[in-house]
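Q: Okay, handing you the structure first.
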Amino acid sequence: MKENLIRYQRECYQVLASAFLSSTQETAVSKTESSLLQVREMALAIARLAEEQIEFDRRLISTETRLYKAAAVVGDMQKRLTAVEQKLAPGTAVTDEQAMQISQAVKAIALMMEKRPGRNEFQGVYGELYRRFGITSYKLLPAEKFADAMQFLTERYVNLTGSEDVPF
């Protein structure tokens, strides 16, 4: 009987040792495996995020390219429409761009004349332009008279400076 008891104790020790050691090893393996699985999931998430960002960038570049092309087409259409409108209705006023050219020419002339004290040369140049072309504002100058107005202003500048090199 004593022999049976000793054998029983040994078997119990072996079962306990086996259970304890394998559960500790399994716990260590499962913690390591769990950590590695978490790292793997994070890496996959980062990779998916990077792929989505790359696709977003491609779409953005494509959209920007199409937008720039559309803007160029619209700009061209506006120029063409303005040209057609001026041909169909020649009594229309100068374009904003032409009005800006007139304004720059008047400014250049007035600044050259401003060396004389006590006078508002801008008002004088505009007044002369208005009387000559029968208008109340340079923006109301008929489009077909734009070339004549610029010729008038160019001649005025050349007469003042003696130089054929006009800044407008």
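Labels for the structure tokens follow display order: chains A, B, ..., residues from 1 in each chain, ligands from 1.
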Quick one: everything within 12 Å of Asn159 in chain A, counting only C-alpha atoms, minus sequence neighbours fewer than 6 positions away in the same chain. Send it as a count of residues only.

A: 7

Q: Identify, on the basis of only C-alpha atoms, every residue whose closest approach to Gln98 in chain A does not exceed 10 Å; exclude the query and any residue fewer than 3 positions from it along the same chain; express the result as a short mmCIF file (atom, residue, chain, number, x, y, z; two decimals) with C-alpha atoms, in the first residue's frame.

A:
```cif
data_model
loop_
_atom_site.label_atom_id
_atom_site.label_comp_id
_atom_site.auth_asym_id
_atom_site.auth_seq_id
_atom_site.Cartn_x
_atom_site.Cartn_y
_atom_site.Cartn_z
CA ALA A 93 -18.25 99.70 -75.16
CA VAL A 94 -14.65 98.62 -74.83
CA THR A 95 -13.78 95.49 -72.86
CA GLN A 101 -5.11 99.99 -71.50
CA ILE A 102 -6.75 103.39 -71.90
CA SER A 103 -6.42 104.05 -68.18
CA GLN A 104 -2.71 103.13 -68.25
CA TYR A 138 -13.50 106.00 -70.94
CA LYS A 139 -15.30 102.73 -70.14
CA LEU A 141 -15.84 104.34 -75.46
CA ALA A 143 -15.21 99.33 -79.15
CA PHE A 146 -10.60 101.92 -79.30
CA ALA A 147 -7.78 101.92 -81.87
CA MET A 150 -5.10 104.58 -78.36
#
```

Q: Give me every helix (DSSP H, G or I) residue in range 22-167 of chain A, going by DSSP on the backbone, as a VMD selection string.

A: chain A and resid 22 to 88 96 to 113 121 to 133 138 to 140 143 to 161
